[in-house]
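Structure file coords22.cif; described as mmCIF, C-alpha atoms.
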data_protein
#
loop_
_atom_site.label_atom_id
_atom_site.label_comp_id
_atom_site.auth_asym_id
_atom_site.auth_seq_id
_atom_site.Cartn_x
_atom_site.Cartn_y
_atom_site.Cartn_z
CA MET A 950 92.28 143.89 178.97
CA SER A 951 92.41 143.25 175.26
CA MET A 952 94.83 140.52 174.20
CA GLN A 953 94.35 141.08 170.48
CA TYR A 954 95.74 143.27 167.74
CA LYS A 955 93.15 144.43 165.20
CA VAL A 956 94.02 145.79 161.76
CA GLY A 957 91.14 146.00 159.32
CA ASP A 958 89.81 142.47 159.03
CA ILE A 959 92.80 140.94 160.78
CA VAL A 960 92.50 139.99 164.42
CA ALA A 961 95.64 138.55 165.98
CA ASP A 962 95.94 137.20 169.52
CA HIS A 963 98.97 138.12 171.56
CA ASP A 964 100.40 137.17 174.95
CA GLU A 965 100.63 139.45 177.98
CA GLU A 966 103.90 140.89 176.69
CA GLY A 967 102.56 141.62 173.22
CA TYR A 968 104.16 138.73 171.30
CA LEU A 969 101.92 137.12 168.68
CA THR A 970 100.39 133.82 169.75
CA ASP A 971 100.45 132.52 166.18
CA ILE A 972 103.49 133.88 164.37
CA THR A 973 102.16 132.80 160.97
CA VAL A 974 99.47 135.54 160.97
CA TRP A 975 102.09 138.32 160.87
CA ASN A 976 102.08 140.84 158.04
CA ARG A 977 103.52 144.32 157.53
CA ASP A 978 100.29 146.11 158.51
CA LEU A 979 100.28 144.20 161.76
CA ALA A 980 103.91 145.24 162.29
CA LEU A 981 102.90 148.90 161.97
CA LEU A 982 100.25 148.44 164.64
CA ILE A 983 102.52 146.54 167.05
CA ALA A 984 105.17 149.25 166.53
CA LYS A 985 102.59 151.89 167.41
CA THR A 986 101.82 150.15 170.71
CA GLU A 987 105.58 150.22 171.34
CA ASN A 988 105.69 153.95 170.48
CA ILE A 989 107.92 153.35 167.49
CA GLU A 990 107.46 155.00 164.08
CA LEU A 991 108.87 152.46 161.64
CA THR A 992 111.54 153.83 159.27
CA PRO A 993 113.46 151.96 156.54
CA GLU A 994 116.22 151.48 159.13
CA HIS A 995 113.79 149.72 161.46
CA TRP A 996 112.57 147.51 158.62
CA GLU A 997 116.15 146.56 157.80
CA VAL A 998 116.52 145.08 161.29
CA ILE A 999 113.06 143.47 161.30
CA ASP A 1000 113.59 141.88 157.89
CA PHE A 1001 117.02 140.67 158.97
CA LEU A 1002 115.55 139.05 162.09
CA ARG A 1003 112.81 137.37 160.09
CA GLU A 1004 115.35 135.97 157.61
CA TYR A 1005 117.50 134.73 160.50
CA TYR A 1006 114.47 133.06 162.08
CA GLU A 1007 113.48 131.46 158.79
CA GLU A 1008 116.95 129.97 158.44
CA TYR A 1009 117.69 128.91 162.03
CA GLN A 1010 114.26 128.73 163.70
CA ILE A 1011 115.37 131.00 166.53
CA ALA A 1012 115.59 134.73 167.10
CA PRO A 1013 119.23 135.64 167.78
CA ALA A 1014 120.47 136.94 171.14
CA ILE A 1015 121.47 140.60 171.07
CA ARG A 1016 125.22 139.98 170.80
CA ILE A 1017 124.62 137.65 167.85
CA LEU A 1018 122.36 140.25 166.21
CA VAL A 1019 125.08 142.89 166.53
CA LYS A 1020 127.70 140.50 165.14
CA GLU A 1021 125.55 139.43 162.19
CA MET A 1022 124.35 142.97 161.38
CA LYS A 1023 127.98 144.07 161.29
CA LYS A 1024 128.77 141.30 158.83
CA LYS A 1025 125.87 142.22 156.55
CA PHE A 1026 125.54 146.02 156.86
CA GLY A 1027 128.91 147.14 158.23
CA PRO A 1028 130.10 148.48 161.58
CA ASP A 1029 127.76 151.53 161.69
CA LYS A 1030 124.69 149.30 161.79
CA GLY A 1031 126.26 146.31 163.50
CA ASP A 1032 126.42 148.40 166.62
CA GLN A 1033 124.60 148.01 169.90
CA LYS A 1034 124.03 151.76 170.39
CA TYR A 1035 122.59 152.16 166.89
CA LEU A 1036 120.21 149.25 167.46
CA TYR A 1037 119.12 150.60 170.85
CA GLU A 1038 118.38 153.98 169.27
CA LEU A 1039 116.01 152.25 166.87
CA PHE A 1040 114.50 149.96 169.51
CA PRO A 1041 114.98 151.60 172.93
CA TYR A 1042 113.57 148.72 174.96
CA GLY A 1043 116.00 146.24 173.50
CA PRO A 1044 116.48 145.55 169.79
CA ALA A 1045 116.25 141.77 169.95
CA LYS A 1046 113.17 141.94 172.17
CA GLN A 1047 111.26 144.85 170.62
CA ALA A 1048 112.18 144.18 166.99
CA CYS A 1049 111.18 140.54 167.40
CA LYS A 1050 107.82 141.55 168.81
CA ILE A 1051 107.15 143.94 165.92
CA GLY A 1052 108.49 141.39 163.43
CA GLY A 1053 106.08 138.76 164.70
CA LEU A 1054 108.76 136.45 166.09
CA PRO A 1055 108.87 134.67 169.44
CA LYS A 1056 110.77 136.26 172.29
CA PRO A 1057 114.48 135.43 171.89
CA THR A 1058 115.61 132.42 173.93
CA GLY A 1059 117.62 133.53 176.93
CA CYS A 1060 116.08 136.98 176.88
CA ILE A 1061 114.75 137.77 180.34
CA MET B 709 139.08 112.89 189.72
CA SER B 710 136.36 110.37 189.10
CA THR B 711 132.71 110.61 188.09
CA LEU B 712 129.50 109.55 189.82
CA HIS B 713 127.01 108.10 187.34
CA THR B 714 123.34 107.80 188.28
CA VAL B 715 120.90 105.48 186.48
CA ASN B 716 117.17 105.91 187.11
CA LYS B 717 115.67 103.62 184.44
CA THR B 718 115.14 99.87 184.46
CA PRO B 719 117.63 98.04 182.21
CA PHE B 720 114.80 95.84 180.93
CA GLU B 721 113.06 98.74 179.16
CA ARG B 722 115.80 101.30 178.46
CA ASN B 723 119.48 101.24 177.60
CA ALA B 724 120.49 103.79 180.27
CA LEU B 725 122.42 101.23 182.37
CA GLN B 726 124.03 99.66 179.32
CA SER B 727 125.10 103.01 177.93
CA CYS B 728 126.33 104.17 181.33
CA VAL B 729 128.46 101.07 181.83
CA GLY B 730 129.88 101.56 178.34
CA HIS B 731 131.10 105.03 179.31
CA LEU B 732 132.67 104.36 182.72
CA SER B 733 136.24 105.39 183.37
CA PRO B 734 138.31 103.40 185.87
CA GLY B 735 137.39 104.41 189.43
CA ASP B 736 133.97 105.82 188.49
CA ALA B 737 131.02 105.01 190.76
CA LEU B 738 127.54 103.92 189.68
CA LEU B 739 124.47 104.74 191.76
CA MET B 740 121.11 103.15 190.95
CA ILE B 741 118.08 105.20 191.90
CA GLU B 742 114.32 105.13 191.22
CA ASP B 743 113.48 102.36 188.69
CA GLY B 744 117.21 101.93 188.13
CA VAL B 745 117.42 99.83 191.31
CA VAL B 746 115.73 96.86 189.65
CA GLY B 747 119.07 96.30 187.93
CA ALA B 748 120.53 95.49 191.37
CA ARG B 749 118.69 92.14 191.61
CA LYS B 750 120.89 89.13 191.00
CA GLY B 751 120.27 86.53 188.35
CA SER B 752 118.87 88.84 185.68
CA SER B 753 119.92 89.56 182.10
CA ALA B 754 121.40 92.84 183.40
CA THR B 755 123.72 91.21 185.93
CA ALA B 756 126.71 91.04 183.59
CA MET B 757 126.50 94.82 183.03
CA VAL B 758 126.43 95.47 186.77
CA GLN B 759 129.40 93.16 187.27
CA ALA B 760 131.31 95.12 184.65
CA ALA B 761 130.58 98.27 186.64
CA LEU B 762 131.71 96.54 189.84
CA ALA B 763 135.00 95.71 188.16
CA SER B 764 135.49 99.39 187.32
CA GLY B 765 134.52 100.95 190.66
CA GLY B 766 131.88 101.11 193.38
CA VAL B 767 128.24 100.28 192.65
CA TYR B 768 125.55 101.64 194.94
CA ALA B 769 121.74 101.50 195.11
CA LEU B 770 119.42 103.83 197.00
CA ALA B 771 117.89 101.95 199.95
CA SER B 772 114.51 103.67 199.91
CA ASP B 773 114.02 102.82 196.23
CA LEU B 774 115.10 99.19 196.84
CA ASP B 775 112.73 98.89 199.80
CA ALA B 776 109.84 100.39 197.85
CA ARG B 777 110.29 97.73 195.17
CA GLY B 778 110.67 94.83 197.59
CA ILE B 779 114.32 94.21 196.74
CA ARG B 780 115.94 92.82 199.90
CA PRO B 781 119.69 92.91 200.62
CA GLU B 782 119.88 89.14 200.01
CA ASP B 783 118.35 89.60 196.53
CA MET B 784 121.13 91.91 195.42
CA ILE B 785 124.18 91.23 193.28
CA GLU B 786 127.14 90.77 195.59
CA GLY B 787 129.23 93.91 195.96
CA ILE B 788 126.46 96.46 195.49
CA GLN B 789 126.24 98.74 198.51
CA ARG B 790 122.97 100.11 199.88
CA VAL B 791 123.07 103.86 200.59
CA ASP B 792 120.55 106.21 202.19
CA TYR B 793 120.00 109.82 201.10
CA GLY B 794 122.95 110.92 203.23
CA GLY B 795 125.10 108.39 201.41
CA PHE B 796 123.83 109.76 198.08
CA VAL B 797 124.99 113.24 199.10
CA ASP B 798 128.37 111.87 200.23
CA LEU B 799 128.85 110.18 196.85
CA VAL B 800 128.09 113.42 195.00
CA ALA B 801 130.55 115.27 197.21
CA GLN B 802 133.27 112.62 196.74
CA HIS B 803 133.24 112.88 192.94
CA ALA B 804 134.29 115.69 190.61
CA ARG B 805 131.11 115.52 188.55
CA THR B 806 127.80 113.69 188.35
CA VAL B 807 126.37 112.31 185.11
CA ALA B 808 122.70 111.33 184.97
CA TRP B 809 121.75 108.52 182.60
CA LEU B 810 118.08 109.13 181.90
CA MET C 1126 136.49 137.18 185.38
CA ALA C 1127 136.07 133.74 186.85
CA GLN C 1128 137.80 130.95 184.99
CA LYS C 1129 135.78 129.24 182.28
CA LYS C 1130 134.33 125.87 183.17
CA LYS C 1131 133.98 122.92 180.85
CA PHE C 1132 130.30 122.17 180.24
CA LEU C 1133 129.14 119.05 178.41
CA TYR C 1134 125.56 118.65 177.27
CA VAL C 1135 124.81 114.95 176.75
CA ASN C 1136 122.08 114.20 174.20
CA ARG C 1137 120.77 110.63 174.19
CA LYS C 1138 117.20 110.97 172.88
CA ALA C 1139 115.78 111.13 169.38
CA PRO C 1140 114.11 114.45 168.51
CA TYR C 1141 110.34 115.16 168.40
CA GLY C 1142 109.02 112.08 170.29
CA THR C 1143 109.89 113.65 173.63
CA ILE C 1144 110.80 117.18 174.71
CA TYR C 1145 114.36 116.28 175.80
CA ALA C 1146 116.17 117.33 172.62
CA LEU C 1147 114.41 120.68 172.27
CA GLU C 1148 114.87 121.41 175.99
CA ALA C 1149 118.58 120.66 175.70
CA LEU C 1150 118.88 123.10 172.82
CA GLU C 1151 117.08 125.82 174.80
CA VAL C 1152 119.40 125.30 177.76
CA VAL C 1153 122.45 125.43 175.46
CA LEU C 1154 121.23 128.73 173.98
CA ILE C 1155 120.54 130.25 177.39
CA GLY C 1156 123.80 128.88 178.79
CA ALA C 1157 125.74 130.42 175.89
CA ALA C 1158 125.29 133.84 177.50
CA PHE C 1159 127.60 132.71 180.31
CA GLU C 1160 130.51 132.21 177.88
CA GLN C 1161 131.77 128.89 179.22
CA ASP C 1162 133.72 126.18 177.37
CA VAL C 1163 130.78 124.27 175.92
CA SER C 1164 130.72 120.88 174.20
CA LEU C 1165 127.76 118.85 172.99
CA ALA C 1166 127.76 115.06 173.02
CA PHE C 1167 125.46 112.96 170.82
CA LEU C 1168 125.20 109.28 171.67
CA ASP C 1169 122.60 106.52 171.63
CA ASP C 1170 119.40 107.85 169.94
CA GLY C 1171 120.75 111.40 170.37
CA VAL C 1172 122.57 110.97 167.04
CA PHE C 1173 119.18 111.15 165.30
CA GLN C 1174 118.98 114.82 166.28
CA LEU C 1175 121.69 115.58 163.72
CA MET C 1176 120.20 113.65 160.77
CA ALA C 1177 120.31 115.51 157.47
CA GLY C 1178 117.06 116.21 155.64
CA GLN C 1179 114.68 116.53 158.58
CA ASP C 1180 111.31 117.85 157.36
CA THR C 1181 108.75 118.48 160.10
CA ALA C 1182 106.19 120.30 157.95
CA ALA C 1183 103.72 117.43 157.75
CA ALA C 1184 104.14 116.71 161.46
CA SER C 1185 103.41 120.39 162.21
CA MET C 1186 106.41 120.70 164.51
CA LYS C 1187 109.28 123.15 164.62
CA ASN C 1188 112.31 121.82 162.74
CA PHE C 1189 114.82 122.70 165.43
CA SER C 1190 117.58 120.74 163.72
CA ARG C 1191 118.25 123.97 161.79
CA THR C 1192 119.05 125.73 165.06
CA PHE C 1193 122.17 123.57 165.50
CA LYS C 1194 123.64 125.47 162.54
CA ALA C 1195 123.36 128.76 164.45
CA LEU C 1196 125.28 127.49 167.47
CA GLY C 1197 128.67 128.32 165.96
CA ASP C 1198 127.77 132.00 166.35
CA TYR C 1199 127.14 131.30 170.03
CA ASP C 1200 130.65 129.82 170.39
CA VAL C 1201 129.23 126.30 170.64
CA ARG C 1202 131.52 124.59 168.17
CA LYS C 1203 132.25 121.10 169.45
CA PHE C 1204 129.64 118.48 168.53
CA TYR C 1205 131.06 115.12 169.62
CA VAL C 1206 129.20 112.30 167.88
CA GLU C 1207 129.77 108.70 168.95
CA ARG C 1208 130.70 106.37 166.11
CA GLU C 1209 129.39 103.22 167.83
CA SER C 1210 125.98 104.85 168.34
CA LEU C 1211 125.86 105.72 164.63
CA ALA C 1212 126.90 102.22 163.56
CA GLU C 1213 124.36 100.53 165.86
CA ARG C 1214 121.67 102.51 164.03
CA GLY C 1215 122.99 101.81 160.56
CA LEU C 1216 124.24 105.37 160.18
CA THR C 1217 127.51 106.99 159.23
CA VAL C 1218 128.76 110.55 159.69
CA GLU C 1219 127.69 111.18 156.06
CA ASP C 1220 124.05 110.77 157.12
CA LEU C 1221 124.36 113.82 159.40
CA MET C 1222 123.78 117.39 158.34
CA PRO C 1223 126.89 119.49 157.85
CA ILE C 1224 127.40 121.88 160.76
CA THR C 1225 130.14 124.48 160.58
CA TYR C 1226 131.42 127.52 162.42
CA GLU C 1227 133.41 130.54 161.27
CA ASP C 1228 136.86 130.77 162.78
CA GLU C 1229 137.54 134.45 163.55
CA ALA C 1230 141.22 133.65 164.08
CA GLU C 1231 141.54 132.44 160.49
CA ASP C 1232 139.67 135.10 158.51
CA TYR C 1233 136.26 133.52 159.17
CA ALA C 1234 137.19 130.23 157.52
CA GLU C 1235 134.36 127.71 157.75
CA LYS C 1236 135.29 124.70 159.86
CA PRO C 1237 133.32 121.58 160.74
CA SER C 1238 131.75 121.48 164.21
CA ILE C 1239 131.03 117.75 164.14
CA ILE C 1240 133.78 115.63 165.70
CA PRO C 1241 133.27 111.84 165.41
CA VAL C 1242 134.65 109.99 168.44
CA SER C 1243 134.76 106.41 169.68
CA ARG C 1244 132.89 105.27 172.80
CA ALA C 1245 136.19 105.17 174.71
CA GLU C 1246 136.95 108.73 173.62
CA MET C 1247 133.45 109.77 174.72
CA ALA C 1248 134.09 108.26 178.17
CA ALA C 1249 137.37 110.18 178.37
CA LEU C 1250 135.59 113.38 177.30
CA ILE C 1251 133.06 112.98 180.13
CA ALA C 1252 135.93 112.52 182.58
CA GLN C 1253 137.41 115.92 181.57
CA GLN C 1254 134.32 118.01 182.34
CA ASP C 1255 133.48 120.33 185.21
CA VAL C 1256 129.73 120.05 184.63
CA VAL C 1257 127.74 117.43 182.72
CA LEU C 1258 124.08 118.08 181.91
CA SER C 1259 122.08 115.15 180.54
CA PHE C 1260 119.02 115.18 178.33
#
Write the structure described by the file as C-alpha cells, please.
Amino acid sequence: MSMQYKVGDIVADHDEEGYLTDITVWNRDLALLIAKTENIELTPEHWEVIDFLREYYEEYQIAPAIRILVKEMKKKFGPDKGDQKYLYELFPYGPAKQACKIGGLPKPTGCI
Amino acid sequence: MSTLHTVNKTPFERNALQSCVGHLSPGDALLMIEDGVVGARKGSSATAMVQAALASGGVYALASDLDARGIRPEDMIEGIQRVDYGGFVDLVAQHARTVAWL
Amino acid sequence: MAQKKKFLYVNRKAPYGTIYALEALEVVLIGAAFEQDVSLAFLDDGVFQLMAGQDTAAASMKNFSRTFKALGDYDVRKFYVERESLAERGLTVEDLMPITYEDEAEDYAEKPSIIPVSRAEMAALIAQQDVVLSF
C-alpha cells in the first residue's frame, strides 16, 4: 500500500490514517490531493476552515478540539459558520479531523 | 482528609523528597518507594527532612525496595514503618488522594 | 451529570530536556474533554515551562509553551505558580509569559490565568483536590 501523496514533483509521506509525516511540506496543491482522497471537493468555505485551523496551529502549536473550533469560528465568522452542523456538512468525517488532515496539520490531541 | 505522598527518587540526586516534605499538610503520610527508600537510612544529609515528615505524620518505606538495596530495619531512621505491597494498598485506601513526587 | 471533580496537574520539570512537560500538556488537553474542575500547579523546575520568550527554532523542537495560551479556551484557567520556586531560581512572575482567558460571564473580558502562591498555599491547594496527577 502506498504511504505517499504525489503531486507533480512533490512526494509527501503520510501515516496510515493519511496525516502528513512532515507537516512542513504542505502546500495548497497537496491539500487538493488529500481532499480528493477524502472525497471532498474544496470550496472557498472549506478553505476558510482550513486556513483558520492553520492560523490557530501557527499561534498555539495545536489543532483545536471540535468544540473549540466551533467556539472560535463563531467568534470570527459568526453563528452560521461557528456551528457544528455546518462544519460537519463541509467535512462529514469530522471537521477537526478531516480539515486538519487536508490542511497538513497533526491529528488533534484528544481526537480518537 | 489527608494525602498520601510517594517519593521514588533518592534525595541525594533529586529534590523530590525535599519538595514533598515542603508541601506536607498536617496528618499527611509519606511513603518511600523504589530509589526513594535510600532516604530511610539514618545518619544521612536527608535525615532532617525525614524527621520533619515524621513530625507531620506517618512515614513508611516499601520493604521489598529496602531489602533489594540492603537497608536493614536497624539501619532505618527511628519511626519509619516498613510496609509490604498490601500495606501500600492500605495506605492508598486510607487517604483521600495520592501525590507522586517524581 | 456526575459532579465535577477537582483535578490538579503538578508540573515539576523544566521543558524540553525530558518528555514530562509535553506529556502533561497532552494529558491536560485530552482531560479537558471531560469538563472537570482543572488546575495546573508549577513548582520546582516546572516554573521554567512558563518562561517568556522561549524560542525552540534552533533546537528544532516544538515550542509548546505557546499551547498554554490556548488552555483558557479549554476552561483550564488556573495556573498556580509557586513564589518560592521562582525565587530559588532567580525569577519573578514578570519573567513568565502572560497567559489570559476570556471570561464569558463578563463580556469576554481578558483575565490573567497565572496565580502566584506561596509554598504553604500550594500545600493547601494539594489538600483540596480529588485527583492529583504529577509530571
The residue from C:Met1247, C:Ala1139, C:Ala1234, C:Ala1158 with the smallest atom-to-atom distance to chain A, counting only C-alpha atoms, is C:Ala1158
Report as a PyMOL selection string the full result of the PyMOL selection byres ((chain C) within 6 of (chain B)) when it is applied to this structure. chain C and resi 1248+1257+1259
Within 7 Å of chain A, which residues belong to chain C? Use all atoms listed in the file and report them as a ChimeraX atom specification. /C:1151,1154-1155,1189,1191-1192,1194-1195,1198
With the PyMOL selection byres ((chain A and resi 1030) around 12) as the selection, what would be picked from this file? Answer as a CSV table (one decimal) with C-alpha atoms, keeping the file's coordinate frame, please.
chain,number,residue,atom,x,y,z
A,994,GLU,CA,116.2,151.5,159.1
A,995,HIS,CA,113.8,149.7,161.5
A,997,GLU,CA,116.2,146.6,157.8
A,998,VAL,CA,116.5,145.1,161.3
A,1001,PHE,CA,117.0,140.7,159.0
A,1018,LEU,CA,122.4,140.2,166.2
A,1019,VAL,CA,125.1,142.9,166.5
A,1020,LYS,CA,127.7,140.5,165.1
A,1021,GLU,CA,125.6,139.4,162.2
A,1022,MET,CA,124.4,143.0,161.4
A,1023,LYS,CA,128.0,144.1,161.3
A,1024,LYS,CA,128.8,141.3,158.8
A,1025,LYS,CA,125.9,142.2,156.6
A,1026,PHE,CA,125.5,146.0,156.9
A,1027,GLY,CA,128.9,147.1,158.2
A,1028,PRO,CA,130.1,148.5,161.6
A,1029,ASP,CA,127.8,151.5,161.7
A,1031,GLY,CA,126.3,146.3,163.5
A,1032,ASP,CA,126.4,148.4,166.6
A,1033,GLN,CA,124.6,148.0,169.9
A,1034,LYS,CA,124.0,151.8,170.4
A,1035,TYR,CA,122.6,152.2,166.9
A,1036,LEU,CA,120.2,149.2,167.5
A,1037,TYR,CA,119.1,150.6,170.8
A,1038,GLU,CA,118.4,154.0,169.3
A,1039,LEU,CA,116.0,152.2,166.9
Selection under test: the PyMOL selection byres ((chain B and resi 790) around 9); residues as JSON, numbers by chain: {"B": [767, 768, 769, 770, 771, 774, 781, 788, 789, 791, 792, 795]}
Can you work out which one of A:Trp975, A:Tyr968, A:Tyr1042, A:Trp996 has the shortest atom-to-atom distance to Met952 (chain A), counting all atoms listed in the file? A:Tyr968
If we count all atoms listed in the file, what is near Val956 (chain A) at a cut-off of 8 Å, once residues fewer than 4 positions away on the same chain are taken out, given as a list in words?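 Contacts, in chain order: Val960, Asp978, Leu979 and Leu982 of chain A.
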Which residue out of B:Val745, B:Ile779, B:Ala737, B:Met784 has the minimum interatomic distance to Ser764 (chain B) when all atoms listed in the file are used? B:Ala737
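Interatomic distance, CA of Ala1245 (chain C) against CA of Leu1133 (chain C): 16.0 Å.
Straight-line separation from CA of Pro1241 (chain C) to CA of Phe1204 (chain C): 8.2 Å.
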